[in-house]
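Written out below as structure tokens is the structure these notes cover.
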Amino acid sequence: MDPIIRLSGVTKTFEANGGTVSALDGIDLEIAAGEIFAVIGQSGAGKSTLVRLINGLERVTTGTVVVDGVDISTLPERRLREVRRRTGMIFQQFNLFSSRTVAGNVMYPLKVAGWSKADREKRAAELLDFVGLLDRAHAYPDQLSGGQKQRVGIARALATSPPILLADESTSALDPSTTADVLALLKRVNRELGVTVVVITHEMDVVRAIADRVAVLSAGRVVESGTAFDVFAEPSSDTGRAFVSTALHDRPSEDELARLRTAHPGRIVIADVVDGAGIGGILSGAAARGVSFELLYGGISSLQQRSFGSLTIELTGPDEGVDAVISELRTVTRTEEVAR
Ligand code: ADP
């Protein structure tokens with residue numbers, strides 16, 4: 001099946017202060033219809049530029065951008081407007097009209113598209129029901145919490161039934177529990193309505209929560225991409241590794257590790273857990289080598305329906321025995337010795 005979004009050999013440069021700034025430098029990216037695709041990168045990596053190329057607000061310097069079957073890199077401006085209507089967009093700062101009610105905000109794009117008043121009202125009610133805000137239809141944005149505002153943003157973005165929703169740092173202004181609600185809603189938009197969702201973020205937790213696949217952007221290039229599981233389990237770029245390590249709460253922080261080292265005299269290892277991997281069998285076999293173990297820190301949760309996490313383990317016993325257990329662990333999982 002053709003991807004719903006395809007960027008081929010895309011570069012984008014800006015002329016600024018008499019010099020040339022390269023924002024994107026040779027991007028090849030394919031996003032499949034029906035998936036949740038995340039683009040993660042630090043500030044300045046080129047994420048906003050990428051979004052603006054996909055929704056036709058900027059034009060490529062070289063390369064092609066195909067969105068929903070249309071090559072938008074060469075399209076005249078008036079045709080671009082139709083294409084933009086096929087791409088819903090939500091923003092970090094919500095961008096709601098403060099002078100319009102919740103329902104008024106959702107109906108606005110329908111008004112622009114020429115829908116009748118009755119149809120607009122019916123569609124807005126449907127969408128507000130979907131995002132759980134039907135009872136706030138007549139409230140104004142100022143009367144809503146951040147999470148509610150973003151839910152209105154989502155309802156508005158979906159008003160004209162676009163096949164694609166672009167979410168640009170859509171949870172960066174929200175607290176963690178509200179973030180989880182909004183991400184759960186985006187997942188429903190994807191799974192129940194079949195909308196392809198492109199999430200732009202600087203937070204790996206967002207990727208872990210909802211993405212099917214992810215591309216890591218650094219200095220205008222895609223430095224790695226793959227399923228969210230693969231990138232978490234085995235990041236292959238420095239940028240990817242840095243993002244993953246900040247998102248893994250199952251690993252002890254440096255302070256926590258220092259405390260564990262003081263409290264536990266044995267040798268300590270951190271083992272990354274992917275799909276169970278047989279760590280339990282190795283640890284229960286350790287007794288035969290005179291080695292006992294204690295679980296000090298960590299956790300296992302799921303990522304894309306597979307188990308995933310990290311365990312910090314103290315191993316106590318004769319050195320040869322502990323060495324043998326560590327070697328066995330290393331045959332099934334990435335294991336790092338952090339104290340001996
Ligand atoms: P991100 O969204 O990941 O923070 P951006 O896409 O905003 O990254 O920016 C990527 C690079 O392109 C940065 O170096 C930025 O300064 C530059 N850039 C973006 N837009 C413009 C512009 N309109 N004019 C000049 N430079 C720009």
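Just so we're on the same page: first chain in the structure tokens is A, next is B, and so on; residues restart at 1 for each chain, and ligands are numbered from 1 in the order they show up.
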Show me a table, sorted first by chain and then by increasing residue number, of the residues of chain A having an atom at most 9 Å from ligand 1, each with its shortest atom pair and the distance in Å to one decimal, counting only C-alpha atoms and all ligand atoms and written as JSON lines.
```
{"residue": "A:Lys12", "atom": "CA", "partner": "ligand 1", "partner_atom_place_in_ligand_line": "12 (O)", "distance": 8.4}
{"residue": "A:Thr13", "atom": "CA", "partner": "ligand 1", "partner_atom_place_in_ligand_line": "12 (O)", "distance": 7.5}
{"residue": "A:Phe14", "atom": "CA", "partner": "ligand 1", "partner_atom_place_in_ligand_line": "25 (C)", "distance": 4.8}
{"residue": "A:Glu15", "atom": "CA", "partner": "ligand 1", "partner_atom_place_in_ligand_line": "25 (C)", "distance": 6.2}
{"residue": "A:Ala16", "atom": "CA", "partner": "ligand 1", "partner_atom_place_in_ligand_line": "25 (C)", "distance": 5.2}
{"residue": "A:Asn17", "atom": "CA", "partner": "ligand 1", "partner_atom_place_in_ligand_line": "25 (C)", "distance": 8.5}
{"residue": "A:Thr20", "atom": "CA", "partner": "ligand 1", "partner_atom_place_in_ligand_line": "25 (C)", "distance": 8.1}
{"residue": "A:Val21", "atom": "CA", "partner": "ligand 1", "partner_atom_place_in_ligand_line": "26 (N)", "distance": 5.7}
{"residue": "A:Ser22", "atom": "CA", "partner": "ligand 1", "partner_atom_place_in_ligand_line": "12 (O)", "distance": 6.2}
{"residue": "A:Ala23", "atom": "CA", "partner": "ligand 1", "partner_atom_place_in_ligand_line": "12 (O)", "distance": 3.8}
{"residue": "A:Leu24", "atom": "CA", "partner": "ligand 1", "partner_atom_place_in_ligand_line": "10 (C)", "distance": 7.1}
{"residue": "A:Ile40", "atom": "CA", "partner": "ligand 1", "partner_atom_place_in_ligand_line": "3 (O)", "distance": 8.3}
{"residue": "A:Gly41", "atom": "CA", "partner": "ligand 1", "partner_atom_place_in_ligand_line": "3 (O)", "distance": 5.9}
{"residue": "A:Gln42", "atom": "CA", "partner": "ligand 1", "partner_atom_place_in_ligand_line": "3 (O)", "distance": 5.8}
{"residue": "A:Ser43", "atom": "CA", "partner": "ligand 1", "partner_atom_place_in_ligand_line": "4 (O)", "distance": 3.6}
{"residue": "A:Gly44", "atom": "CA", "partner": "ligand 1", "partner_atom_place_in_ligand_line": "4 (O)", "distance": 3.5}
{"residue": "A:Ala45", "atom": "CA", "partner": "ligand 1", "partner_atom_place_in_ligand_line": "3 (O)", "distance": 3.8}
{"residue": "A:Gly46", "atom": "CA", "partner": "ligand 1", "partner_atom_place_in_ligand_line": "6 (O)", "distance": 3.2}
{"residue": "A:Lys47", "atom": "CA", "partner": "ligand 1", "partner_atom_place_in_ligand_line": "3 (O)", "distance": 3.7}
{"residue": "A:Ser48", "atom": "CA", "partner": "ligand 1", "partner_atom_place_in_ligand_line": "2 (O)", "distance": 3.6}
{"residue": "A:Thr49", "atom": "CA", "partner": "ligand 1", "partner_atom_place_in_ligand_line": "6 (O)", "distance": 3.8}
{"residue": "A:Leu50", "atom": "CA", "partner": "ligand 1", "partner_atom_place_in_ligand_line": "6 (O)", "distance": 6.4}
{"residue": "A:Val51", "atom": "CA", "partner": "ligand 1", "partner_atom_place_in_ligand_line": "6 (O)", "distance": 8.1}
{"residue": "A:Arg52", "atom": "CA", "partner": "ligand 1", "partner_atom_place_in_ligand_line": "6 (O)", "distance": 8.5}
{"residue": "A:Asp168", "atom": "CA", "partner": "ligand 1", "partner_atom_place_in_ligand_line": "2 (O)", "distance": 8.9}
{"residue": "A:Ile200", "atom": "CA", "partner": "ligand 1", "partner_atom_place_in_ligand_line": "2 (O)", "distance": 8.5}
{"residue": "A:Thr201", "atom": "CA", "partner": "ligand 1", "partner_atom_place_in_ligand_line": "3 (O)", "distance": 8.6}
{"residue": "A:His202", "atom": "CA", "partner": "ligand 1", "partner_atom_place_in_ligand_line": "3 (O)", "distance": 8.2}
{"residue": "A:Leu217", "atom": "CA", "partner": "ligand 1", "partner_atom_place_in_ligand_line": "3 (O)", "distance": 7.9}
{"residue": "A:Ser218", "atom": "CA", "partner": "ligand 1", "partner_atom_place_in_ligand_line": "3 (O)", "distance": 8.2}
{"residue": "A:Ala219", "atom": "CA", "partner": "ligand 1", "partner_atom_place_in_ligand_line": "10 (C)", "distance": 7.5}
{"residue": "A:Gly220", "atom": "CA", "partner": "ligand 1", "partner_atom_place_in_ligand_line": "10 (C)", "distance": 6.9}
```
Selected residues written out with N, CA and C atoms, as a short mmCIF file (atom, residue, chain, number, x, y, z; two decimals), in the first residue's frame:
```cif
data_model
loop_
_atom_site.label_atom_id
_atom_site.label_comp_id
_atom_site.auth_asym_id
_atom_site.auth_seq_id
_atom_site.Cartn_x
_atom_site.Cartn_y
_atom_site.Cartn_z
N LYS A 12 15.45 21.67 3.09
CA LYS A 12 14.84 23.00 3.26
C LYS A 12 15.89 23.93 3.84
N THR A 13 16.17 24.99 3.12
CA THR A 13 17.11 25.98 3.65
C THR A 13 16.39 27.33 3.75
N PHE A 14 16.84 28.12 4.72
CA PHE A 14 16.29 29.47 4.88
C PHE A 14 17.42 30.47 4.68
N GLU A 15 17.08 31.58 4.07
CA GLU A 15 18.06 32.67 3.99
C GLU A 15 17.81 33.56 5.19
N ALA A 16 18.81 33.71 6.03
CA ALA A 16 18.61 34.55 7.21
C ALA A 16 19.90 35.29 7.53
N ASN A 17 19.77 36.56 7.86
CA ASN A 17 20.91 37.40 8.23
C ASN A 17 22.07 37.27 7.25
N THR A 20 22.87 31.24 4.94
CA THR A 20 21.90 30.20 4.65
C THR A 20 21.84 29.23 5.81
N VAL A 21 20.61 28.99 6.31
CA VAL A 21 20.43 28.02 7.40
C VAL A 21 19.81 26.77 6.81
N SER A 22 20.42 25.62 7.10
CA SER A 22 19.85 24.36 6.62
C SER A 22 18.96 23.80 7.73
N ALA A 23 17.64 23.75 7.49
CA ALA A 23 16.72 23.24 8.52
C ALA A 23 16.48 21.74 8.33
N LEU A 24 16.39 21.29 7.10
CA LEU A 24 16.21 19.86 6.81
C LEU A 24 17.19 19.49 5.71
N ILE A 40 10.59 12.61 16.70
CA ILE A 40 11.13 13.17 17.94
C ILE A 40 12.46 13.84 17.65
N GLY A 41 12.69 14.96 18.32
CA GLY A 41 13.96 15.66 18.15
C GLY A 41 14.05 16.79 19.15
N GLN A 42 15.31 17.21 19.40
CA GLN A 42 15.49 18.32 20.31
C GLN A 42 15.11 19.63 19.61
N SER A 43 15.05 20.70 20.38
CA SER A 43 14.75 22.01 19.83
C SER A 43 15.78 22.34 18.73
N GLY A 44 15.29 22.82 17.59
CA GLY A 44 16.18 23.18 16.50
C GLY A 44 16.48 22.03 15.54
N ALA A 45 15.95 20.84 15.83
CA ALA A 45 16.24 19.67 14.98
C ALA A 45 15.58 19.77 13.61
N GLY A 46 14.50 20.57 13.53
CA GLY A 46 13.82 20.71 12.23
C GLY A 46 12.39 20.21 12.25
N LYS A 47 11.84 19.93 13.46
CA LYS A 47 10.50 19.33 13.56
C LYS A 47 9.41 20.25 13.00
N SER A 48 9.43 21.53 13.41
CA SER A 48 8.37 22.44 12.95
C SER A 48 8.45 22.63 11.45
N THR A 49 9.66 22.70 10.94
CA THR A 49 9.83 22.86 9.49
C THR A 49 9.22 21.65 8.78
N LEU A 50 9.45 20.47 9.32
CA LEU A 50 8.88 19.25 8.73
C LEU A 50 7.35 19.31 8.70
N VAL A 51 6.75 19.73 9.83
CA VAL A 51 5.30 19.84 9.88
C VAL A 51 4.80 20.83 8.83
N ARG A 52 5.49 21.96 8.73
CA ARG A 52 5.04 23.02 7.82
C ARG A 52 5.18 22.61 6.35
N ASP A 168 1.39 18.89 16.86
CA ASP A 168 2.70 19.53 17.04
C ASP A 168 2.91 19.89 18.52
N ILE A 200 4.51 15.22 16.69
CA ILE A 200 5.82 15.87 16.75
C ILE A 200 6.11 16.14 18.22
N THR A 201 7.25 15.70 18.71
CA THR A 201 7.48 15.82 20.15
C THR A 201 8.96 15.88 20.48
N HIS A 202 9.28 16.37 21.68
CA HIS A 202 10.66 16.26 22.17
C HIS A 202 10.68 15.31 23.37
N LEU A 217 14.94 12.73 14.76
CA LEU A 217 15.47 13.80 13.93
C LEU A 217 16.58 14.52 14.69
N SER A 218 17.70 14.73 14.02
CA SER A 218 18.78 15.48 14.65
C SER A 218 19.46 16.33 13.58
N ALA A 219 19.59 17.62 13.84
CA ALA A 219 20.21 18.55 12.90
C ALA A 219 19.72 18.37 11.47
N GLY A 220 18.39 18.25 11.34
CA GLY A 220 17.80 18.21 10.01
C GLY A 220 17.88 16.88 9.29
#
```
request  = Go through segment 191-315 of chain A and collect every residue that DSSP, computed from the backbone, puts in strand (DSSP E); the answer should be as a VMD selection string.
outcome  = chain A and resid 196 to 201 213 to 218 221 to 227 267 to 274 292 to 303 306 to 315
query = Between atom CA of Leu165 of chain A and atom CA of Val195 of chain A, what is the spacing in Å?
reply = 6.7 Å
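Shortest separation to Glu294 of chain A among A:Leu315, A:Ile90, A:Leu133, A:Val269 occurs at residue A:Leu315, atoms counted being only C-alpha atoms.
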task = Fewer than 3 positions away in the same chain doesn't count, so skip those; otherwise give me all residues within 7 Å of segment 222-236 of chain A, counting only C-alpha atoms, as a ChimeraX atom specification.
result = /A:27,207-208,211-218,240-241,244,274,303-304
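Take the candidates A:Ala103, A:Ala287, A:Ala184, A:Ala209 and check each one against Asp129 of chain A using only C-alpha atoms; the shortest distance goes to A:Ala103.
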List as a short mmCIF file (atom, residue, chain, number, x, y, z; two decimals) with N, CA and C atoms, in the first residue's frame the protein and nucleic acid residues near Ile300 of chain A, meaning an atom at most 8 Å away when only C-alpha atoms are counted, but skip any in the same chain fewer than 4 places from it.
```
data_model
loop_
_atom_site.label_atom_id
_atom_site.label_comp_id
_atom_site.auth_asym_id
_atom_site.auth_seq_id
_atom_site.Cartn_x
_atom_site.Cartn_y
_atom_site.Cartn_z
N ASP A 250 12.42 2.94 34.71
CA ASP A 250 12.75 1.67 35.36
C ASP A 250 14.23 1.59 35.67
N VAL A 273 15.17 -5.60 30.14
CA VAL A 273 14.27 -6.73 29.93
C VAL A 273 13.47 -6.51 28.66
N SER A 307 6.61 -7.16 26.57
CA SER A 307 7.10 -6.69 27.87
C SER A 307 8.45 -6.01 27.69
N PHE A 308 8.65 -5.01 28.52
CA PHE A 308 9.77 -4.12 28.31
C PHE A 308 10.10 -3.42 29.62
N GLY A 309 11.36 -3.33 29.98
CA GLY A 309 11.71 -2.62 31.20
C GLY A 309 13.17 -2.88 31.57
N SER A 310 13.46 -2.74 32.84
CA SER A 310 14.83 -2.87 33.29
C SER A 310 14.84 -3.31 34.76
N LEU A 311 15.76 -4.20 35.11
CA LEU A 311 15.86 -4.67 36.51
C LEU A 311 17.26 -4.40 37.02
#
```
key: Residues within 12 Å of Lys117 of chain A, only C-alpha atoms, excluding chain neighbours under 6 positions, as a ChimeraX atom specification   = /A:103-104,107-108,110-111,123-124
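Among A:Thr171, A:Val182, A:Lys149, A:Val198, the residue with the shortest atom-to-atom distance to Ile5 of chain A, counting only C-alpha atoms, is A:Val198.
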ask   = Just how far from atom CA of Glu192 of chain A is atom CA of Val70 of chain A, in Å to one decimal?
value = 25.1 Å
Considering only C-alpha atoms, give me a table of residues in segment 6-93 of chain A that are at most 9 Å from segment 185-191 of chain A, with the closest atom pair and distance in Å for each, as a tab-separated table.
```
residue	atom	partner	partner_atom	distance
A:Gly34	CA	A:Asn190	CA	6.7
A:Glu35	CA	A:Asn190	CA	7.2
A:Ile36	CA	A:Asn190	CA	7.0
```
